[in-house]
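Right, one structure below, let's go through it.
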Amino acid sequence: MTETAWFWWAAAAVGLAIAEIFTGTFFVICFAAGAMGAAVASLLGAGLPVQLVVFMLVSLASVYGVWRWQKAGAPDKSGATTGPDTLLGRKALVIERLDPVSETGVVRIAGTDWRGVLKGSAEAIGPGAHVRVVGMDGNRLLVEPLEP
């Protein structure tokens with residue numbers, strides 16, 4: 001068994017790496033790395049207790065590394081990083097007259113034209129003015145006039 005321990009550790013590493021393909025969590029791959037570390041320890045002549053310690057240490061280090069990597073890529077606590085919610089609070093340019101009564105008009109934000117609905121104002125706003133996005137209603141941006 002001790003002469004072939006490296007083979008079983010390597011087989012476990014390959015099996016865990018294949019399992020990771022089906023989970024997509026980057027969690028199982030950490031144990032595959034641990035098994036590869038144990039396989040290397042076995043090839044270097046380490047006994048089973050040392051192989052197990054290497055497996056645990058490499059696995060834990062990998063889990064910590066993946067956790068740090070995923071934490072660094074996580075969105076900040078200020079809100080969304082993708083989708084329409086990223087438009088909230090941003091300034092938009094009026095392209096077509098915004099009429100609060102008929103709820104018609106078009107605004108441009110980030111190079112994209114949106115139907116705009118004017119909120120918080122009884123007067124229409126003409127093209128060229130700037131407004132702030134305060135919400136969404138379906139595919140329409142709810143906007144309010146910017147203070148001069």
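Residue numbers start at 1 in each chain; chains themselves are named A, B, ... in the order of the structure tokens; ligands are numbered from 1 in the order shown.
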Practice prompt. Identify all residues of region 1-119 of chain A in alpha helix (DSSP H) (DSSP on the backbone) and supply them as a ChimeraX atom specification.
Written response: /A:5-23,28-43,48-73
Practice prompt. Please indicate the distance in Å from CA of Gly135 (chain A) to CA of Leu88 (chain A), rounded to one decimal place.
Written response: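 Going from CA of Gly135 (chain A) over to CA of Leu88 (chain A) covers 6.1 Å.
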Discussion item. Calculated over only C-alpha atoms, which of the candidates A:Val131, A:Val54, A:Leu142, A:Ile95 has the smallest distance to Val117 (chain A)?
Written reply: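 Looking only at the distances to Val117 (chain A), the closest residue turns out to be A:Leu142.
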Worksheet entry | Nearest to Gly47 (chain A) by atom-to-atom distance, counting only C-alpha atoms, from A:Ser59, A:Thr86, A:Ala5, A:Gly73 |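 Ranked by minimum distance to Gly47 (chain A), first place goes to A:Ala5.
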